[in-house]
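Source file structure28.txt; content: compact mmCIF, C-alpha atoms and all ligand atoms.
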# COMPACT_ATOMS: atom_id res chain seq x y z
CA MET R 49 95.22 83.61 172.94
CA PRO R 50 96.99 85.06 169.90
CA SER R 51 95.58 88.32 168.54
CA THR R 52 93.73 88.08 165.22
CA HIS R 53 94.26 91.75 164.39
CA GLN R 54 96.10 92.13 161.10
CA LYS R 55 98.15 95.32 161.10
CA ARG R 56 97.00 97.84 158.48
CA ILE R 57 99.65 100.12 157.05
CA GLY R 58 98.79 102.99 154.72
CA VAL R 59 101.21 104.49 152.20
CA PHE R 60 100.60 107.99 150.87
CA GLY R 61 103.24 109.29 148.46
CA GLY R 62 103.52 112.64 146.79
CA ALA R 63 105.84 115.37 145.61
CA PHE R 64 104.49 117.51 148.49
CA ASP R 65 105.84 120.60 146.75
CA PRO R 66 104.24 121.91 148.95
CA PRO R 67 101.94 119.72 151.07
CA HIS R 68 98.49 121.35 151.26
CA ASN R 69 95.13 121.03 153.00
CA ALA R 70 93.78 118.37 150.59
CA HIS R 71 96.78 116.15 151.39
CA VAL R 72 96.03 116.47 155.10
CA ALA R 73 92.29 115.81 154.58
CA LEU R 74 93.06 112.79 152.41
CA ALA R 75 95.41 111.36 155.04
CA GLN R 76 92.78 111.94 157.74
CA SER R 77 90.11 110.21 155.67
CA ALA R 78 92.41 107.24 155.05
CA LEU R 79 93.26 106.87 158.75
CA GLU R 80 89.60 106.96 159.75
CA GLN R 81 87.94 105.04 156.93
CA LEU R 82 90.52 102.27 156.66
CA GLY R 83 91.24 101.92 160.39
CA LEU R 84 94.97 102.20 159.74
CA ASP R 85 97.47 101.41 162.48
CA SER R 86 99.95 103.72 160.78
CA LEU R 87 100.18 105.86 157.68
CA HIS R 88 103.54 106.34 155.97
CA VAL R 89 103.60 109.71 154.24
CA VAL R 90 106.36 109.41 151.66
CA PRO R 91 107.85 112.43 149.84
CA THR R 92 108.95 111.42 146.35
CA GLY R 93 112.65 111.37 145.47
CA TYR R 94 113.17 111.73 141.73
CA ALA R 95 109.67 112.06 140.20
CA TRP R 96 110.40 110.52 136.76
CA HIS R 97 106.76 111.04 135.74
CA LYS R 98 106.71 114.83 136.28
CA ALA R 99 107.95 117.24 133.64
CA ARG R 100 109.37 119.79 136.08
CA VAL R 101 112.22 119.51 138.58
CA LEU R 102 110.91 119.40 142.14
CA SER R 103 112.00 121.78 144.91
CA ALA R 104 114.91 120.72 147.11
CA PRO R 105 114.23 117.50 149.05
CA GLU R 106 115.18 119.26 152.30
CA HIS R 107 112.38 121.81 151.84
CA ARG R 108 109.78 119.24 150.83
CA LEU R 109 110.69 117.00 153.75
CA ALA R 110 110.58 119.88 156.26
CA MET R 111 107.21 121.09 154.93
CA THR R 112 105.78 117.56 154.99
CA ARG R 113 106.85 117.15 158.62
CA LEU R 114 105.16 120.44 159.51
CA ALA R 115 101.96 119.60 157.61
CA PHE R 116 101.45 116.27 159.37
CA GLN R 117 103.02 117.03 162.76
CA ASP R 118 99.69 117.00 164.65
CA MET R 119 98.40 113.76 163.20
CA PRO R 120 98.85 110.70 165.41
CA ARG R 121 99.72 107.48 163.53
CA VAL R 122 101.35 109.41 160.67
CA GLU R 123 105.00 108.67 160.05
CA VAL R 124 106.84 110.85 157.53
CA ASP R 125 108.99 108.30 155.72
CA GLU R 126 112.22 109.53 154.08
CA ARG R 127 113.15 106.36 152.22
CA GLU R 128 112.33 107.61 148.70
CA LEU R 129 114.42 110.75 149.24
CA GLN R 130 117.38 108.56 150.17
CA ARG R 131 117.02 106.17 147.23
CA ALA R 132 119.06 106.83 144.08
CA GLY R 133 117.43 106.80 140.64
CA PRO R 134 113.78 107.20 139.67
CA THR R 135 111.25 106.74 142.46
CA PHE R 136 109.08 103.68 142.00
CA THR R 137 106.27 103.05 144.47
CA ILE R 138 106.64 99.27 144.12
CA ASP R 139 110.11 99.48 145.72
CA THR R 140 108.64 101.25 148.75
CA LEU R 141 105.77 98.78 149.06
CA GLU R 142 108.07 95.76 148.79
CA ALA R 143 110.38 97.19 151.46
CA LEU R 144 107.47 97.93 153.82
CA GLN R 145 105.99 94.47 153.30
CA ALA R 146 109.38 92.89 154.05
CA GLU R 147 109.59 94.94 157.25
CA ASN R 148 106.01 94.02 158.20
CA PRO R 149 105.40 90.56 156.73
CA ASP R 150 101.97 90.08 158.33
CA ALA R 151 100.56 93.53 157.56
CA GLN R 152 98.06 94.49 154.88
CA LEU R 153 99.25 97.50 152.86
CA TYR R 154 96.91 100.24 151.58
CA LEU R 155 98.14 102.62 148.89
CA ILE R 156 96.41 106.03 148.99
CA MET R 157 96.14 108.33 145.97
CA GLY R 158 93.94 110.94 144.28
CA ALA R 159 91.87 110.20 141.18
CA ASP R 160 94.30 112.09 138.89
CA GLN R 161 97.11 109.69 139.80
CA PHE R 162 94.79 106.72 139.44
CA ALA R 163 93.98 107.79 135.86
CA ALA R 164 97.66 107.22 135.00
CA PHE R 165 98.11 104.15 137.19
CA ARG R 166 98.71 101.70 134.33
CA GLN R 167 101.81 103.69 133.37
CA TRP R 168 103.35 103.07 136.78
CA HIS R 169 106.36 100.78 137.03
CA ARG R 170 105.13 97.20 137.70
CA TRP R 171 101.58 98.30 138.43
CA GLN R 172 100.29 94.72 138.46
CA ALA R 173 102.73 93.91 141.27
CA ILE R 174 101.40 96.95 143.17
CA VAL R 175 97.84 95.64 142.85
CA GLY R 176 99.03 92.28 144.17
CA LEU R 177 100.69 93.83 147.20
CA ALA R 178 98.42 96.68 148.27
CA ILE R 179 94.77 97.64 148.27
CA ILE R 180 94.53 100.81 146.20
CA CYS R 181 92.42 103.52 147.83
CA ILE R 182 91.41 106.43 145.65
CA ALA R 183 89.92 109.80 146.58
CA ASP R 184 88.01 111.84 144.04
CA ARG R 185 89.67 115.02 142.88
CA ALA R 186 87.67 117.98 141.60
CA THR R 187 89.64 118.09 138.34
CA SER R 188 89.59 114.34 137.49
CA THR R 189 87.23 111.57 136.44
CA ALA R 190 85.59 110.10 139.55
CA ALA R 191 87.45 107.15 141.06
CA LYS R 192 84.54 104.70 140.82
CA ALA R 193 84.05 105.47 137.12
CA GLN R 194 87.62 104.29 136.56
CA PHE R 195 87.20 100.94 138.35
CA ASP R 196 85.68 99.19 135.32
CA ALA R 197 89.11 99.10 133.68
CA TYR R 198 90.16 96.66 136.41
CA SER R 199 87.12 94.37 136.31
CA GLU R 200 89.01 91.19 137.24
CA GLN R 201 90.62 92.77 140.29
CA LYS R 202 87.83 95.06 141.47
CA ASP R 203 88.17 93.90 145.07
CA ARG R 204 91.67 95.45 145.18
CA PHE R 205 90.31 99.01 144.71
CA LEU R 206 88.40 101.22 147.16
CA ALA R 207 86.93 104.71 146.89
CA LEU R 208 87.94 106.96 149.77
CA PRO R 209 85.44 109.65 150.74
CA LEU R 210 86.82 113.19 150.49
CA ALA R 211 84.83 116.41 150.16
CA PRO R 212 85.89 118.07 146.88
CA MET R 213 88.91 120.32 147.46
CA PRO R 214 90.09 122.19 144.36
CA VAL R 215 93.50 123.10 145.87
CA SER R 216 96.71 121.99 144.11
CA ALA R 217 100.41 122.48 144.80
CA THR R 218 100.72 124.12 141.37
CA GLN R 219 98.24 126.80 142.44
CA ILE R 220 100.23 127.50 145.62
CA ARG R 221 103.56 127.75 143.79
CA GLN R 222 102.00 130.13 141.26
CA LEU R 223 100.42 132.29 143.97
CA MET R 224 103.72 132.60 145.80
CA ALA R 225 105.69 133.38 142.64
CA SER R 226 103.25 136.07 141.56
CA GLY R 227 102.53 137.54 145.00
CA ALA R 228 106.17 137.98 146.04
CA GLY R 229 105.74 135.70 149.04
CA GLN R 230 102.64 136.83 150.91
CA THR R 231 101.86 134.18 153.53
CA ARG R 232 98.24 135.30 153.81
CA GLU R 233 97.58 134.50 150.15
CA ILE R 234 98.05 130.81 150.77
CA GLY R 235 96.83 130.78 154.39
CA ASP R 236 93.59 129.01 153.46
CA LEU R 237 95.32 126.42 151.30
CA VAL R 238 98.11 125.00 153.46
CA PRO R 239 98.53 124.35 157.21
CA GLU R 240 99.74 127.50 158.93
CA PRO R 241 103.27 126.23 159.80
CA VAL R 242 103.76 125.31 156.13
CA ALA R 243 102.72 128.82 155.00
CA ARG R 244 105.23 130.29 157.46
CA TYR R 245 108.01 127.94 156.31
CA ILE R 246 107.39 128.84 152.65
CA SER R 247 107.49 132.53 153.43
CA VAL R 248 110.54 132.50 155.73
CA ASN R 249 112.57 130.30 153.41
CA HIS R 250 111.42 131.89 150.12
CA VAL R 251 110.74 128.43 148.77
CA TYR R 252 108.71 129.67 145.78
CA SER R 253 109.69 133.32 145.49
CA PRO R 254 112.99 135.16 145.07
CA ARG R 255 114.71 136.49 148.20
N1 LIG R 301 92.90 118.45 145.88
C1 LIG R 301 93.16 117.14 145.91
N2 LIG R 301 92.13 116.26 146.02
C2 LIG R 301 92.39 114.91 146.04
N3 LIG R 301 93.62 114.36 145.97
C3 LIG R 301 94.66 115.19 145.85
C4 LIG R 301 94.48 116.62 145.82
N4 LIG R 301 95.71 117.21 145.71
C5 LIG R 301 96.61 116.20 145.64
N5 LIG R 301 95.99 114.99 145.74
C6 LIG R 301 96.65 113.68 145.70
O1 LIG R 301 97.76 113.71 146.60
C7 LIG R 301 98.86 112.95 146.07
C8 LIG R 301 100.13 113.78 146.04
O2 LIG R 301 99.89 114.90 145.22
P1 LIG R 301 100.99 115.99 144.85
O3 LIG R 301 101.99 116.11 145.95
O4 LIG R 301 101.52 115.74 143.49
O5 LIG R 301 100.09 117.33 144.89
P2 LIG R 301 99.44 118.11 143.67
O6 LIG R 301 98.59 119.17 144.26
O7 LIG R 301 98.79 117.14 142.74
O8 LIG R 301 100.75 118.73 142.99
P3 LIG R 301 101.01 119.47 141.58
O9 LIG R 301 99.95 120.55 141.43
O10 LIG R 301 102.39 120.00 141.73
O11 LIG R 301 100.89 118.40 140.52
C9 LIG R 301 98.40 112.45 144.69
O12 LIG R 301 97.93 111.12 144.83
C10 LIG R 301 97.27 113.38 144.34
O13 LIG R 301 96.31 112.75 143.49
O1 LIG R 302 105.95 103.96 140.75
C1 LIG R 302 105.65 104.62 139.76
O2 LIG R 302 105.91 104.27 138.61
C2 LIG R 302 104.91 105.94 139.96
C3 LIG R 302 104.43 106.70 138.90
C4 LIG R 302 103.75 107.88 139.15
C5 LIG R 302 103.55 108.30 140.47
N1 LIG R 302 104.03 107.54 141.48
C6 LIG R 302 103.87 107.98 142.88
O3 LIG R 302 102.58 108.48 143.11
C7 LIG R 302 102.64 109.43 144.16
C8 LIG R 302 101.88 110.67 143.74
O4 LIG R 302 102.52 111.26 142.63
P1 LIG R 302 102.33 112.80 142.32
O5 LIG R 302 102.84 113.00 140.93
O6 LIG R 302 100.85 113.10 142.44
O7 LIG R 302 103.11 113.55 143.35
C9 LIG R 302 104.12 109.68 144.43
O8 LIG R 302 104.47 108.94 145.58
C10 LIG R 302 104.80 109.12 143.22
O9 LIG R 302 106.11 108.62 143.47
C11 LIG R 302 104.69 106.39 141.25

Could you show the structure in this file as structure tokens?
Amino acid sequence: MPSTHQKRIGVFGGAFDPPHNAHVALAQSALEQLGLDSLHVVPTGYAWHKARVLSAPEHRLAMTRLAFQDMPRVEVDERELQRAGPTFTIDTLEALQAENPDAQLYLIMGADQFAAFRQWHRWQAIVGLAIICIADRATSTAAKAQFDAYSEQKDRFLALPLAPMPVSATQIRQLMASGAGQTREIGDLVPEPVARYISVNHVYSPR
């Protein structure tokens, strides 16, 4: 008898400059709550929507691999780092859907990104292709409070449970720049191998 299981593929993109504990917790919540078969963690290439220039792709990729190395079903996906031009999530989703025609895609993000979602390139196409799963973020309007703006498509949006975690990558970069690279200062904010990588490679502090 043919299996009726539809493959569920999650997509979690970010600058990951650096990846931190909230990213890991969010990925864990997505895997568990959505019953994902796999979760593609996708470091951004050229983040057209961010004012600052991101750290070198090699560093962000290496740190992302370290952050998620112990999580089964997570695949760190390099495709956006290899793509020329501005990074658009729709391109990644369309490529993944073409590779997995029968799968249902789930796009994972925090509530701060969701607040800007209607500025994303071809956002309506994204809603058509993926179910958008949003975790609250301490600094942003709650996900559910933002759903009303999408009243006709409400079934395409889900709130992902995540205990409030005030950590941000900005905070980590600032701590490292001001503390001249003390690993222990960020030890509670990022997975331990990431803290070591940042310190050894002076990613956010001068050598
Ligand atoms: N503390 C957090 N709680 C919930 N979601 C988060 C949190 N930190 C990041 N995210 C989500 O993770 C994704 C990737 O985030 P990103 O790599 O830009 O980290 P960041 O901490 O927001 O970085 P920065 O401070 O440099 O803007 C985004 O969808 C973002 O909303
Ligand atoms: O496709 C877009 O237009 C778009 C606009 C803003 C953000 N994104 C994606 O959203 C993800 C999280 O972004 P950020 O800024 O929180 O790192 C990351 O994968 C970005 O490429 C995508």

Shell around R:Pro149 at 12 Å using all atoms listed in the file, local window under 4 positions removed, as a PyMOL selection string:
chain R and resi 54-57+141-145+153+177

Using only C-alpha atoms and all ligand atoms, find each residue of chain R with at least one atom at most 6 Å away from an atom of ligand LIG 302 (chain R); report its shortest atom-to-atom pair and that distance in Å (one decimal), sort the rows by chain and rising residue number, and return the result as JSON lines.
{"residue": "R:Gly61", "atom": "CA", "partner": "R:LIG302", "partner_atom": "O8", "distance": 3.2}
{"residue": "R:Gly62", "atom": "CA", "partner": "R:LIG302", "partner_atom": "O7", "distance": 3.6}
{"residue": "R:Ala63", "atom": "CA", "partner": "R:LIG302", "partner_atom": "O7", "distance": 4.0}
{"residue": "R:Thr92", "atom": "CA", "partner": "R:LIG302", "partner_atom": "O9", "distance": 4.9}
{"residue": "R:Ala95", "atom": "CA", "partner": "R:LIG302", "partner_atom": "O9", "distance": 5.9}
{"residue": "R:His97", "atom": "CA", "partner": "R:LIG302", "partner_atom": "C4", "distance": 5.5}
{"residue": "R:Thr135", "atom": "CA", "partner": "R:LIG302", "partner_atom": "O9", "distance": 5.6}
{"residue": "R:Phe136", "atom": "CA", "partner": "R:LIG302", "partner_atom": "O1", "distance": 3.4}
{"residue": "R:Thr137", "atom": "CA", "partner": "R:LIG302", "partner_atom": "O1", "distance": 3.8}
{"residue": "R:Ile138", "atom": "CA", "partner": "R:LIG302", "partner_atom": "O1", "distance": 5.8}
{"residue": "R:Gln161", "atom": "CA", "partner": "R:LIG302", "partner_atom": "O6", "distance": 5.7}
{"residue": "R:Trp168", "atom": "CA", "partner": "R:LIG302", "partner_atom": "O2", "distance": 3.4}
{"residue": "R:His169", "atom": "CA", "partner": "R:LIG302", "partner_atom": "O2", "distance": 3.9}

Set out as a Markdown table a contact list for chain R and ligand LIG 301 (chain R) with a cut-off of 10 Å, giving each residue of chain R that qualifies its closest atom pair and distance in Å to one decimal, counting only C-alpha atoms and all ligand atoms, ordered by chain and rising residue number.
| residue | atom | partner | partner_atom | distance |
| --- | --- | --- | --- | --- |
| R:Phe60 | CA | R:LIG301 | C7 | 7.1 |
| R:Gly61 | CA | R:LIG301 | C8 | 6.0 |
| R:Gly62 | CA | R:LIG301 | C8 | 3.7 |
| R:Ala63 | CA | R:LIG301 | O3 | 3.9 |
| R:Phe64 | CA | R:LIG301 | O3 | 3.8 |
| R:Asp65 | CA | R:LIG301 | O3 | 6.0 |
| R:Pro66 | CA | R:LIG301 | O3 | 6.9 |
| R:Pro67 | CA | R:LIG301 | O3 | 6.3 |
| R:His68 | CA | R:LIG301 | O6 | 7.3 |
| R:Asn69 | CA | R:LIG301 | N1 | 7.9 |
| R:Ala70 | CA | R:LIG301 | N1 | 4.8 |
| R:His71 | CA | R:LIG301 | O1 | 5.5 |
| R:Val72 | CA | R:LIG301 | O1 | 9.1 |
| R:Ala73 | CA | R:LIG301 | N2 | 8.6 |
| R:Leu74 | CA | R:LIG301 | N3 | 6.7 |
| R:Ala75 | CA | R:LIG301 | O1 | 9.1 |
| R:Val89 | CA | R:LIG301 | C8 | 9.8 |
| R:Val90 | CA | R:LIG301 | C8 | 9.5 |
| R:Pro91 | CA | R:LIG301 | O3 | 7.9 |
| R:Thr92 | CA | R:LIG301 | O3 | 8.4 |
| R:Ala95 | CA | R:LIG301 | O4 | 9.5 |
| R:Lys98 | CA | R:LIG301 | O11 | 8.0 |
| R:Ala99 | CA | R:LIG301 | O11 | 9.9 |
| R:Arg100 | CA | R:LIG301 | O10 | 9.0 |
| R:Leu102 | CA | R:LIG301 | O10 | 8.6 |
| R:Arg108 | CA | R:LIG301 | O3 | 9.7 |
| R:Thr112 | CA | R:LIG301 | O3 | 9.9 |
| R:Leu155 | CA | R:LIG301 | O12 | 9.4 |
| R:Ile156 | CA | R:LIG301 | O12 | 6.7 |
| R:Met157 | CA | R:LIG301 | O12 | 3.5 |
| R:Gly158 | CA | R:LIG301 | O13 | 3.1 |
| R:Ala159 | CA | R:LIG301 | O13 | 5.6 |
| R:Asp160 | CA | R:LIG301 | O13 | 5.1 |
| R:Gln161 | CA | R:LIG301 | O13 | 4.9 |
| R:Phe162 | CA | R:LIG301 | O13 | 7.4 |
| R:Ala163 | CA | R:LIG301 | O13 | 9.4 |
| R:Cys181 | CA | R:LIG301 | O12 | 9.9 |
| R:Ile182 | CA | R:LIG301 | O12 | 8.1 |
| R:Ala183 | CA | R:LIG301 | C2 | 5.7 |
| R:Asp184 | CA | R:LIG301 | C2 | 5.7 |
| R:Arg185 | CA | R:LIG301 | C2 | 4.2 |
| R:Ala186 | CA | R:LIG301 | N2 | 6.5 |
| R:Thr187 | CA | R:LIG301 | N1 | 8.2 |
| R:Ser188 | CA | R:LIG301 | C2 | 9.0 |
| R:Leu208 | CA | R:LIG301 | C2 | 9.8 |
| R:Pro209 | CA | R:LIG301 | C2 | 9.9 |
| R:Leu210 | CA | R:LIG301 | C2 | 7.3 |
| R:Ala211 | CA | R:LIG301 | N2 | 8.4 |
| R:Pro212 | CA | R:LIG301 | N2 | 6.6 |
| R:Met213 | CA | R:LIG301 | N1 | 4.7 |
| R:Pro214 | CA | R:LIG301 | N1 | 4.9 |
| R:Val215 | CA | R:LIG301 | N1 | 4.7 |
| R:Ser216 | CA | R:LIG301 | O6 | 3.4 |
| R:Ala217 | CA | R:LIG301 | O6 | 3.8 |
| R:Thr218 | CA | R:LIG301 | O9 | 3.7 |
| R:Gln219 | CA | R:LIG301 | O9 | 6.6 |
| R:Ile220 | CA | R:LIG301 | O9 | 8.1 |
| R:Arg221 | CA | R:LIG301 | O10 | 8.1 |
| R:Gln222 | CA | R:LIG301 | O9 | 9.8 |
| R:Leu237 | CA | R:LIG301 | N1 | 9.9 |

Residues as selected, C-alpha atoms, written as a PDB file, keeping the file's coordinate frame, can you do that?
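Printed below is result_5.pdb as written:
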ATOM      1  CA  PHE R  60     100.600 107.990 150.870  1.00  0.00           C
ATOM      2  CA  GLY R  61     103.240 109.290 148.460  1.00  0.00           C
ATOM      3  CA  GLY R  62     103.520 112.640 146.790  1.00  0.00           C
ATOM      4  CA  ALA R  63     105.840 115.370 145.610  1.00  0.00           C
ATOM      5  CA  PHE R  64     104.490 117.510 148.490  1.00  0.00           C
ATOM      6  CA  ASP R  65     105.840 120.600 146.750  1.00  0.00           C
ATOM      7  CA  PRO R  66     104.240 121.910 148.950  1.00  0.00           C
ATOM      8  CA  PRO R  67     101.940 119.720 151.070  1.00  0.00           C
ATOM      9  CA  HIS R  68      98.490 121.350 151.260  1.00  0.00           C
ATOM     10  CA  ASN R  69      95.130 121.030 153.000  1.00  0.00           C
ATOM     11  CA  ALA R  70      93.780 118.370 150.590  1.00  0.00           C
ATOM     12  CA  HIS R  71      96.780 116.150 151.390  1.00  0.00           C
ATOM     13  CA  VAL R  72      96.030 116.470 155.100  1.00  0.00           C
ATOM     14  CA  ALA R  73      92.290 115.810 154.580  1.00  0.00           C
ATOM     15  CA  LEU R  74      93.060 112.790 152.410  1.00  0.00           C
ATOM     16  CA  ALA R  75      95.410 111.360 155.040  1.00  0.00           C
ATOM     17  CA  VAL R  89     103.600 109.710 154.240  1.00  0.00           C
ATOM     18  CA  VAL R  90     106.360 109.410 151.660  1.00  0.00           C
ATOM     19  CA  PRO R  91     107.850 112.430 149.840  1.00  0.00           C
ATOM     20  CA  THR R  92     108.950 111.420 146.350  1.00  0.00           C
ATOM     21  CA  ALA R  95     109.670 112.060 140.200  1.00  0.00           C
ATOM     22  CA  LYS R  98     106.710 114.830 136.280  1.00  0.00           C
ATOM     23  CA  ALA R  99     107.950 117.240 133.640  1.00  0.00           C
ATOM     24  CA  ARG R 100     109.370 119.790 136.080  1.00  0.00           C
ATOM     25  CA  LEU R 102     110.910 119.400 142.140  1.00  0.00           C
ATOM     26  CA  ARG R 108     109.780 119.240 150.830  1.00  0.00           C
ATOM     27  CA  THR R 112     105.780 117.560 154.990  1.00  0.00           C
ATOM     28  CA  LEU R 155      98.140 102.620 148.890  1.00  0.00           C
ATOM     29  CA  ILE R 156      96.410 106.030 148.990  1.00  0.00           C
ATOM     30  CA  MET R 157      96.140 108.330 145.970  1.00  0.00           C
ATOM     31  CA  GLY R 158      93.940 110.940 144.280  1.00  0.00           C
ATOM     32  CA  ALA R 159      91.870 110.200 141.180  1.00  0.00           C
ATOM     33  CA  ASP R 160      94.300 112.090 138.890  1.00  0.00           C
ATOM     34  CA  GLN R 161      97.110 109.690 139.800  1.00  0.00           C
ATOM     35  CA  PHE R 162      94.790 106.720 139.440  1.00  0.00           C
ATOM     36  CA  ALA R 163      93.980 107.790 135.860  1.00  0.00           C
ATOM     37  CA  CYS R 181      92.420 103.520 147.830  1.00  0.00           C
ATOM     38  CA  ILE R 182      91.410 106.430 145.650  1.00  0.00           C
ATOM     39  CA  ALA R 183      89.920 109.800 146.580  1.00  0.00           C
ATOM     40  CA  ASP R 184      88.010 111.840 144.040  1.00  0.00           C
ATOM     41  CA  ARG R 185      89.670 115.020 142.880  1.00  0.00           C
ATOM     42  CA  ALA R 186      87.670 117.980 141.600  1.00  0.00           C
ATOM     43  CA  THR R 187      89.640 118.090 138.340  1.00  0.00           C
ATOM     44  CA  SER R 188      89.590 114.340 137.490  1.00  0.00           C
ATOM     45  CA  LEU R 208      87.940 106.960 149.770  1.00  0.00           C
ATOM     46  CA  PRO R 209      85.440 109.650 150.740  1.00  0.00           C
ATOM     47  CA  LEU R 210      86.820 113.190 150.490  1.00  0.00           C
ATOM     48  CA  ALA R 211      84.830 116.410 150.160  1.00  0.00           C
ATOM     49  CA  PRO R 212      85.890 118.070 146.880  1.00  0.00           C
ATOM     50  CA  MET R 213      88.910 120.320 147.460  1.00  0.00           C
ATOM     51  CA  PRO R 214      90.090 122.190 144.360  1.00  0.00           C
ATOM     52  CA  VAL R 215      93.500 123.100 145.870  1.00  0.00           C
ATOM     53  CA  SER R 216      96.710 121.990 144.110  1.00  0.00           C
ATOM     54  CA  ALA R 217     100.410 122.480 144.800  1.00  0.00           C
ATOM     55  CA  THR R 218     100.720 124.120 141.370  1.00  0.00           C
ATOM     56  CA  GLN R 219      98.240 126.800 142.440  1.00  0.00           C
ATOM     57  CA  ILE R 220     100.230 127.500 145.620  1.00  0.00           C
ATOM     58  CA  ARG R 221     103.560 127.750 143.790  1.00  0.00           C
ATOM     59  CA  GLN R 222     102.000 130.130 141.260  1.00  0.00           C
ATOM     60  CA  LEU R 237      95.320 126.420 151.300  1.00  0.00           C
TER      61      LEU R 237
END

Pairwise distance, atom CA of R:Ala104 with atom CA of R:Ile246, equals 12.4 Å

Between R:Ala110, R:Leu87, R:Ala197, R:Leu82, smallest distance to R:Ile179 by only C-alpha atoms belongs to R:Leu82

In terms of all atoms listed in the file, the residue from R:Leu206, R:Ala132, R:Val242, R:Val251 at minimal distance from R:Met224 is R:Val251

Here is a test: counting only C-alpha atoms, which residue of R:Asn148, R:Ser103, R:Ser77, R:Gln172 is nearest to R:Gln201?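 Nearest to R:Gln201: R:Gln172.
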
Enclose the full set of atoms of stretch 98-101 of chain R listed in the file within a box whose edges lie along x, y and z, apply 8 Å of padding to each of the six sides, and report centre and edge lengths in Å to one decimal as JSON.
{"center_x": 109.5, "center_y": 117.3, "center_z": 136.1, "size_x": 21.5, "size_y": 21.0, "size_z": 20.9}

If you measure from atom CA of R:Val124 to atom CA of R:Phe165, what distance in Å do you get, rounded to one decimal?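 Taking atom CA of R:Val124 and atom CA of R:Phe165, their separation equals 23.1 Å.
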